[in-house]
Amino acid sequence: MRTYILRRLALFIPVLFGISLAVFILLHMIPGDAVDLMMGIEGNPELRQQLLKQYGMDYPWYAQYWNWISGVLRGDFGVSMRTGLPVLPEIVSRFKVTLMLTVYSSVISWIIAIPLGVVAAVKRNTWVDGGARVFALIWVSVPNFALGTMLLLVLSLVFQYYPPLEYTPFFASPLGNLGSLIWPSLVLGAIMAGSVMRMTRSALLENLQQDYIRTVRAKGATERVVIGRHALKNSLLPIVTIIGMQVGSLLGGTVVTEQIFSLPGLGLYTLTGINQRDYPVVQGSILFFAFIFVIINLIVDVIYSWIDPRISYR
Amino acid sequence: MKRIVAIVAMLAVAFGAAFGQKLADKQVLIVGADANPAGIDPHKSTAYSSVRITNRIYETLVDMDETGKLVGKLAESWTNPNDTTYVFTVRKGVYFHNGREMTAQDVKYTFDRILDPANGCTGRSNFKLVESVNVLDKYRVEFKLSQPLAPFLSNFTSIYTAIIAKEVLDANAGSLANVACGTGPFKLAEWIPDNQVRLVKHDKYWLAGYPKLDGVTYMIIPDESARLAALRTGSIHYTTLSAQNVELVKKNRNIVVKSFQTRDYYFLGFNFTQKPFDDVKVRQAFSLAVDRPDLIRKALKGEGVIAGAVSPTLKQWAIDVSKNTWFRKNQTKAKALLAEAGYASGIDVEMTVPSSYPDVVAISQVLQQQLAGVGIRVTLKQMEIGQYVDAWKKKGHQVMAGKNGAGIDPDRSLYFFFHSTGSANVWGYSNPDFDKLVEEAKVTLDQAKRSALYNQAQEILYQDAANLFFASPMTYCFINAKVKGFEPIVSNPEDFKFATILK
């Protein structure tokens with residue numbers, strides 16, 4: 001196991017290197033560069049030359065790439081071309097927002113989805129099952145921008161309430177942090193719950209038809225033991241897979257939700273960076289996403305072998 | 001004297017009681033801003049998200065009032081001993097946020113920074129004719145020009161010429177992107193990127209008794225419907241929203257909408273390097289095919305005025321375009337002109353549109369319908385803003401819809417955008433008669449003569465249909481009814497120094 005993890009970690013290096021190069025090239029291929037956007041119509045060739053020099057953009061792309069990546073290796077992600085603020089601390093502070101949002105919305109989705117999925121599977125083809133499936137279908141199909149905007153409208157028009165504008169970090173006040181994030185977490189949690197519930201239901205149904213379940217029942221085990229100890233445990237693999245994917249994409253920033261609820265998260269940071277062609281910001285954050293994604297994948301793989309001892313890595 | 005004071009005080013109390021005007025305990029105005037500022041260097045950050053903040057923190061020598069007249073701000077007065085010399089007397093008792101008094105020396109520092117090409121400051125191109133900046137004494141500074149320049153004074157109203165403090169610039173290695181020290185009514189207290197910018201009152205502000213507020217906080221709320229929701233619940237006091245929202249808050253007594261005429265105008269730019277747009281008849285046909293009042297009704301909800309290249313708010317400079325032939329719909333003549341140019345069967349045109357400007361997209365859609373009436377078949381091509389700017393620069397378009405700022409001086413509206421060598425003339429428009437007029441006007445200091453030259457230049461520009469001009473939009477400020485003493489004006493739309501918040 002240990003060697004396996006070490007080997008996977010070593011594989012991170014070529015993966016991240018490849019991604020950094022791809023992002024760099026793609027970003028510099030998009031028409032309209034940072035300096036053009038910065039100058040707008042006030043531009044003239046002289047000013048352009050000056051700004052290119054100032055931002056180190058007067059070198060060929062491979063030299064620019066080298067300047068950037070060698071900085072990254074030393075832990076220096078550069079500074080934003082627009083705000084002059086160093087990129088890495090900004091990414092870290094925004095990641096904390098995104099991380100907490102992910103934690104809350106995941107917990108909300110599990111609390112709703114897993115019990116609901118189990119009940120739906122056990123009471124298959126009853127009105128309970130039907131109701132749960134319709135419920136899941138609604139959340140799977142509603143786009144999160146519609147849900148977020150509707151929630152804000154209802155809160156402000158009906159309840160005369162608007163979520164706090166100031167973001168409170170978790171370590172400043174856990175309760176305040178929950179207050180800042182509860183509404184967007186509900187939106188994301190509900191949407192995630194839809195697919196997790198469907199996966200739980202179908203995985204459990206499949207397992208309930210297996211021979212070993214009959215054996216367990218024949219042994220005289222209670223239904224609780226049959227479902228909880230045997231069937232559900234064996235159904236966890238696909239559920240963990242889908243949760244892993246969801247968490248991975250949530251950690252990459254939930255641009256739309258962050259925008260609607262004005263959260264200073266990673267998604268909004270990257271989007272603004274892309275719109276302004278703020279190269280250090282976009283390169284830094286995408287590299288960071290890639291890193292998070294490979295880490296999550298590794299964690300999911302490790303969890304697999306823990307849930308199912310038959311899976312072992314060498 | 002004592003009696004007058006007493007009477008004034010009594011009156012004030014009486015009025016206050018009569019209107020129940022009690023001030024709220026917390027005098028901090030919360031603004032809903034749509035974007036995180038892209039830097040707060042007054043000389044380099046050009047985005048609106050930045051300028052709305054640098055305009056609170058910094059001040060310029062000269063200001064423009066509602067009527068378009070130049071008035072002193074940090075400069076108490078100025079003289080013009082000859083055509084190429086300007087002497088400013090700066091106001092006494094103006095303090096920077098760090099407590100030091102501002103002097104003529106600071107004006108020189110500021111312009112040293114702006115004029116040094118290595119710094120890449122935006123405003124530099126307006127001051128290229130400056131030969132020297134000399135400090136005469138503690139409060140007087142002299143600008144010497146190499147030749148007369150009519151719009152020279154008006155350039156001093158731009159925030160790109162804000163007076164800065166040298167020690168702060170030096171302490172931050174020449175960068176003001178995220179630190180600030182100006183002379184404005186509010187000073188920077190805190191900037192949490194993508195969340196808020198907090199400004200607090202400058203206690204030593206030179207205008208005694210102001211600002212009344214203790215601070216202004218800009219909360220970053222990118223989503224328009226979220227800003228409206230926050231305004232409805234009183235979480236924010238002020239924000240700007242698009243015209244569609246005016247209808248939504250009409251019945252809401254807690255929200256007041258104030259609007260003002262902007263100096264922006266919508267345009268359709270032709271690419272003169274491509275056929276058939278080099279043919280003046282084709283361009284004129286475009287101009288006559290458009291029904292401008294209908295366009296304003298459909299795309300701008302009826303809010304906006306017909307406008308050309310010079311902002312109609314500058315009454316001393318702009319000609320009345322609503323009476324100009326080329327601004328009036330005449331489809332028969334348009335068709336005839338197209339036929340004369342050899343396009344009797346109509347033409348196919350690709351129109352480039354910036355997707356991030358919903359108002360420009362709306363304009364282009366109405367244009368598409370209207371132009372179809374004379375046989376001009378338009379395909380709309382929406383582009384992300386970076387791509388759009390790139391297409392603009394590389395002249396890769398046929399016709400391009402957009403929105404530009406006409407500026408406060410016709411030199412910008414006409415020379416900068418349409419002179420053959422104007423730095424924003426990306427169209428390739430070139431008319432020697434027009435060039436001569438705007439060149440002459442640039443060095444004519446006599447207001448009446450200068451105005452006559454610009455009137456002629458505008459006539460030529462519209463007859464040539466150098467661009468198509470349609471309308472100038474309004475800006476809508478949505479304000480909590482408890483905010484008093486605030487009137488948005490176009491030259492300084494978010495001047496909160498007179499505002500107060502009632503209980």
# chains A, B, ... in the order shown; residues from 1 in each chain; ligands from 1
>>> closest_atom_pairs(of="chain B", to="chain A", cutoff="8 Å", atoms="only C-alpha atoms", output="CSV")
residue,atom,partner,partner_atom,distance
B:Pro37,CA,A:Thr83,CA,7.7
B:Ala38,CA,A:Arg82,CA,5.0
B:Gly39,CA,A:Thr83,CA,4.1
B:Ile40,CA,A:Thr83,CA,7.3
B:Ser45,CA,A:Met38,CA,7.8
B:Thr46,CA,A:Met38,CA,7.2
B:Ala47,CA,A:Met38,CA,7.9
B:Pro117,CA,A:Gln50,CA,7.3
B:Ala118,CA,A:Gln50,CA,6.3
B:Asn119,CA,A:Gln50,CA,7.5
B:Gly120,CA,A:Leu47,CA,5.7
B:Cys121,CA,A:Leu47,CA,7.9
B:Thr122,CA,A:Glu42,CA,7.0
B:Ala177,CA,A:Thr83,CA,5.5
B:Asn178,CA,A:Thr83,CA,6.1
B:Pro193,CA,A:Pro264,CA,7.3
B:Asp194,CA,A:Pro264,CA,5.0
B:Asn195,CA,A:Pro264,CA,5.7
B:Gln196,CA,A:Glu166,CA,7.7
B:Met219,CA,A:Leu165,CA,7.0
B:Ile220,CA,A:Ser262,CA,6.6
B:Ile221,CA,A:Ser262,CA,4.9
B:Pro222,CA,A:Gln259,CA,5.8
B:Asp223,CA,A:Ile260,CA,5.3
B:Ser225,CA,A:Thr149,CA,7.3
B:Ala226,CA,A:Ile260,CA,6.2
B:Ala229,CA,A:Ser156,CA,5.6
B:Ala230,CA,A:Tyr162,CA,5.9
B:Arg232,CA,A:Ser156,CA,6.8
B:Thr233,CA,A:Gln160,CA,5.3
B:Ser235,CA,A:Tyr162,CA,6.7
B:Ile385,CA,A:Asn275,CA,7.6
B:Gly386,CA,A:Gly32,CA,4.6
B:Gln387,CA,A:Pro31,CA,5.1
B:Tyr388,CA,A:Gly32,CA,7.6
B:Val389,CA,A:Gly32,CA,6.1
B:Asp390,CA,A:Gly32,CA,4.5
B:Ser423,CA,A:Asn44,CA,6.2
B:Ala424,CA,A:Ile41,CA,6.0
>>> residues_around(residues="Thr240 of chain B", least_positions_apart="2", cutoff="8 Å", atoms="only C-alpha atoms", output="JSON, numbers by chain")
{"B": [32, 33, 238, 242, 475, 476, 477, 478]}
>>> write_last_selection(atoms="N, CA and C atoms", output="tab-separated table (two decimals), in the first residue's frame")
chain	number	residue	atom	x	y	z
B	32	GLY	N	-23.32	48.16	-3.49
B	32	GLY	CA	-23.21	46.86	-4.16
B	32	GLY	C	-22.45	47.04	-5.46
B	33	ALA	N	-21.22	46.52	-5.52
B	33	ALA	CA	-20.39	46.69	-6.72
B	33	ALA	C	-20.40	45.39	-7.51
B	238	TYR	N	-26.92	51.21	-2.07
B	238	TYR	CA	-26.76	51.81	-3.40
B	238	TYR	C	-26.19	50.79	-4.36
B	242	SER	N	-29.35	47.53	-14.60
B	242	SER	CA	-29.75	47.89	-15.96
B	242	SER	C	-31.21	48.38	-15.99
B	475	THR	N	-27.59	56.02	-17.10
B	475	THR	CA	-27.15	55.12	-16.03
B	475	THR	C	-28.19	55.22	-14.92
B	476	TYR	N	-28.54	54.08	-14.34
B	476	TYR	CA	-29.54	54.05	-13.28
B	476	TYR	C	-28.91	53.75	-11.94
B	477	CYS	N	-29.13	54.65	-11.00
B	477	CYS	CA	-28.65	54.42	-9.65
B	477	CYS	C	-29.86	54.02	-8.81
B	478	PHE	N	-29.78	52.89	-8.18
B	478	PHE	CA	-30.85	52.41	-7.31
B	478	PHE	C	-30.40	52.68	-5.87
>>> residues_around(residues="Ala162 of chain B", least_positions_apart="3", cutoff="7 Å", atoms="only C-alpha atoms", output="PyMOL selection string")
chain B and resi 42+58-60+159
>>> write_last_selection(atoms="N, CA and C atoms", output="PDB file, in the first residue's frame")
ATOM      1  N   PRO B  42      -4.424  54.862  -9.419  1.00  0.00           N
ATOM      2  CA  PRO B  42      -5.236  55.855 -10.129  1.00  0.00           C
ATOM      3  C   PRO B  42      -4.691  56.166 -11.524  1.00  0.00           C
ATOM      4  N   TYR B  58      -8.730  59.560  -4.382  1.00  0.00           N
ATOM      5  CA  TYR B  58      -7.816  60.554  -4.949  1.00  0.00           C
ATOM      6  C   TYR B  58      -8.594  61.735  -5.523  1.00  0.00           C
ATOM      7  N   GLU B  59      -7.882  62.827  -5.746  1.00  0.00           N
ATOM      8  CA  GLU B  59      -8.499  63.985  -6.377  1.00  0.00           C
ATOM      9  C   GLU B  59      -7.570  64.580  -7.422  1.00  0.00           C
ATOM     10  N   THR B  60      -8.180  65.353  -8.299  1.00  0.00           N
ATOM     11  CA  THR B  60      -7.422  65.956  -9.392  1.00  0.00           C
ATOM     12  C   THR B  60      -7.360  67.467  -9.195  1.00  0.00           C
ATOM     13  N   ILE B 159      -9.069  61.135 -13.649  1.00  0.00           N
ATOM     14  CA  ILE B 159      -8.474  60.493 -12.468  1.00  0.00           C
ATOM     15  C   ILE B 159      -7.072  59.977 -12.794  1.00  0.00           C
TER      16      ILE B 159
END
>>> atom_distance(atom1="atom CA of Gln147 of chain B", atom2="atom CA of Pro432 of chain B")
21.8 Å
>>> select_by_dssp(residues="segment 54-155 of chain A", states="alpha helix (DSSP H)", output="PyMOL selection string")
chain A and resi 54+61-73+87-122+127-141+144-155
>>> residues_around(residues="Thr332 of chain B", least_positions_apart="2", cutoff="9 Å", atoms="only C-alpha atoms", output="list of chain:residue names")
B:Leu288, B:Ala289, B:Asn330, B:Ala334, B:Lys335, B:Ala336, B:Leu337, B:Val374
>>> residues_around(residues="Trp317 of chain B", least_positions_apart="5", cutoff="8 Å", atoms="only C-alpha atoms", output="PyMOL selection string")
chain B and resi 310+410+451+454-455
>>> closest_residue(among="A:Gly267, A:Gly117, A:Phe288, A:Gln246", to="Leu232 of chain A", atoms="only C-alpha atoms")
A:Gly117
>>> residues_around(residues="Asn492 of chain B", least_positions_apart="6", cutoff="10 Å", atoms="only C-alpha atoms", output="PyMOL selection string")
chain B and resi 52+55-56+63-66
>>> write_last_selection(atoms="N, CA and C atoms", output="PDB file, in the first residue's frame")
ATOM      1  N   ARG B  52     -14.219  53.748  -9.936  1.00  0.00           N
ATOM      2  CA  ARG B  52     -15.236  54.194  -8.967  1.00  0.00           C
ATOM      3  C   ARG B  52     -14.639  54.255  -7.572  1.00  0.00           C
ATOM      4  N   ASN B  55     -11.632  57.234  -7.564  1.00  0.00           N
ATOM      5  CA  ASN B  55     -12.260  58.558  -7.537  1.00  0.00           C
ATOM      6  C   ASN B  55     -12.706  58.984  -6.145  1.00  0.00           C
ATOM      7  N   ARG B  56     -12.868  58.054  -5.233  1.00  0.00           N
ATOM      8  CA  ARG B  56     -13.210  58.413  -3.853  1.00  0.00           C
ATOM      9  C   ARG B  56     -11.946  58.757  -3.056  1.00  0.00           C
ATOM     10  N   ASP B  63     -11.829  70.062 -11.898  1.00  0.00           N
ATOM     11  CA  ASP B  63     -13.048  69.259 -11.874  1.00  0.00           C
ATOM     12  C   ASP B  63     -14.020  69.841 -12.896  1.00  0.00           C
ATOM     13  N   MET B  64     -15.020  69.053 -13.275  1.00  0.00           N
ATOM     14  CA  MET B  64     -16.030  69.576 -14.186  1.00  0.00           C
ATOM     15  C   MET B  64     -17.371  69.558 -13.461  1.00  0.00           C
ATOM     16  N   ASP B  65     -18.102  70.683 -13.501  1.00  0.00           N
ATOM     17  CA  ASP B  65     -19.395  70.704 -12.796  1.00  0.00           C
ATOM     18  C   ASP B  65     -20.514  70.184 -13.701  1.00  0.00           C
ATOM     19  N   GLU B  66     -21.757  70.190 -13.179  1.00  0.00           N
ATOM     20  CA  GLU B  66     -22.881  69.606 -13.937  1.00  0.00           C
ATOM     21  C   GLU B  66     -23.080  70.268 -15.282  1.00  0.00           C
TER      22      GLU B  66
END
>>> select_by_dssp(residues="segment 407-476 of chain B", states="strand (DSSP E)", output="list in words")
Asn467, Leu468, Phe469, Ala471, Ser472, Met474, Thr475 and Tyr476 of chain B
>>> write_last_selection(atoms="N, CA and C atoms", output="mmCIF file, in the first residue's frame")
data_model
loop_
_atom_site.group_PDB
_atom_site.id
_atom_site.type_symbol
_atom_site.label_atom_id
_atom_site.label_comp_id
_atom_site.auth_asym_id
_atom_site.auth_seq_id
_atom_site.Cartn_x
_atom_site.Cartn_y
_atom_site.Cartn_z
ATOM 1 N N ASN B 467 -18.709 56.377 -38.675
ATOM 2 C CA ASN B 467 -19.298 55.325 -37.857
ATOM 3 C C ASN B 467 -20.791 55.576 -37.978
ATOM 4 N N LEU B 468 -21.597 54.603 -37.595
ATOM 5 C CA LEU B 468 -23.012 54.922 -37.409
ATOM 6 C C LEU B 468 -23.200 55.281 -35.957
ATOM 7 N N PHE B 469 -23.908 56.362 -35.707
ATOM 8 C CA PHE B 469 -24.172 56.757 -34.332
ATOM 9 C C PHE B 469 -25.661 56.626 -34.083
ATOM 10 N N ALA B 471 -27.384 56.437 -30.248
ATOM 11 C CA ALA B 471 -27.985 56.956 -29.025
ATOM 12 C C ALA B 471 -26.987 56.936 -27.889
ATOM 13 N N SER B 472 -27.284 57.741 -26.880
ATOM 14 C CA SER B 472 -26.492 57.746 -25.658
ATOM 15 C C SER B 472 -27.393 57.255 -24.526
ATOM 16 N N MET B 474 -28.642 55.948 -20.542
ATOM 17 C CA MET B 474 -28.689 56.497 -19.189
ATOM 18 C C MET B 474 -28.010 55.504 -18.240
ATOM 19 N N THR B 475 -27.587 56.017 -17.099
ATOM 20 C CA THR B 475 -27.153 55.125 -16.028
ATOM 21 C C THR B 475 -28.190 55.218 -14.920
ATOM 22 N N TYR B 476 -28.536 54.076 -14.338
ATOM 23 C CA TYR B 476 -29.541 54.045 -13.284
ATOM 24 C C TYR B 476 -28.913 53.746 -11.944
#
>>> closest_residue(among="B:Tyr95, B:Thr161, B:Gly72, B:Ala180", to="Asn126 of chain B", atoms="only C-alpha atoms")
B:Thr161
>>> residues_around(residues="Gln209 of chain A", least_positions_apart="4", cutoff="12 Å", atoms="only C-alpha atoms", output="VMD selection string")
chain A and resid 121 to 122 202 to 205 213 to 217 226 to 227 231 235
>>> write_last_selection(atoms="N, CA and C atoms", output="short mmCIF file (atom, residue, chain, number, x, y, z; two decimals), in the first residue's frame")
data_model
loop_
_atom_site.label_atom_id
_atom_site.label_comp_id
_atom_site.auth_asym_id
_atom_site.auth_seq_id
_atom_site.Cartn_x
_atom_site.Cartn_y
_atom_site.Cartn_z
N ALA A 121 -34.92 1.94 -2.12
CA ALA A 121 -34.56 0.61 -2.60
C ALA A 121 -35.32 -0.47 -1.84
N VAL A 122 -35.41 -0.28 -0.52
CA VAL A 122 -36.07 -1.28 0.31
C VAL A 122 -37.57 -1.34 -0.01
N SER A 202 -29.92 2.41 -6.83
CA SER A 202 -29.69 1.36 -7.82
C SER A 202 -28.63 0.37 -7.37
N ALA A 203 -27.60 0.86 -6.68
CA ALA A 203 -26.55 -0.04 -6.21
C ALA A 203 -27.11 -1.00 -5.17
N LEU A 204 -27.95 -0.47 -4.30
CA LEU A 204 -28.52 -1.29 -3.23
C LEU A 204 -29.48 -2.32 -3.82
N LEU A 205 -30.27 -1.91 -4.78
CA LEU A 205 -31.20 -2.84 -5.43
C LEU A 205 -30.46 -4.01 -6.04
N ILE A 213 -27.34 -12.30 -0.05
CA ILE A 213 -28.38 -11.68 0.75
C ILE A 213 -29.40 -12.73 1.17
N ARG A 214 -29.70 -13.64 0.22
CA ARG A 214 -30.62 -14.72 0.55
C ARG A 214 -30.05 -15.56 1.68
N THR A 215 -28.76 -15.81 1.59
CA THR A 215 -28.10 -16.60 2.62
C THR A 215 -28.20 -15.91 3.98
N VAL A 216 -27.92 -14.60 3.96
CA VAL A 216 -27.98 -13.86 5.21
C VAL A 216 -29.38 -13.92 5.81
N ARG A 217 -30.36 -13.76 4.92
CA ARG A 217 -31.76 -13.79 5.40
C ARG A 217 -32.07 -15.18 5.95
N VAL A 226 -29.36 -7.07 7.51
CA VAL A 226 -29.24 -7.40 6.08
C VAL A 226 -28.89 -6.16 5.28
N ILE A 227 -29.65 -5.09 5.53
CA ILE A 227 -29.42 -3.87 4.76
C ILE A 227 -28.13 -3.16 5.21
N ALA A 231 -25.82 -5.44 2.64
CA ALA A 231 -26.13 -4.88 1.32
C ALA A 231 -25.52 -3.49 1.12
N SER A 235 -22.62 -1.90 -1.41
CA SER A 235 -23.04 -0.97 -2.45
C SER A 235 -22.22 0.31 -2.42
#
>>> closest_residue(among="A:Val128, A:Val247, A:Met192, A:Leu298", to="Arg7 of chain A", atoms="only C-alpha atoms")
A:Leu298
>>> closest_residue(among="B:Gly402, B:Gly93, B:Pro151, B:Gly269", to="Arg450 of chain B", atoms="only C-alpha atoms")
B:Pro151
>>> atom_distance(atom1="atom CA of Lys394 of chain B", atom2="atom CA of Pro60 of chain A")
20.2 Å
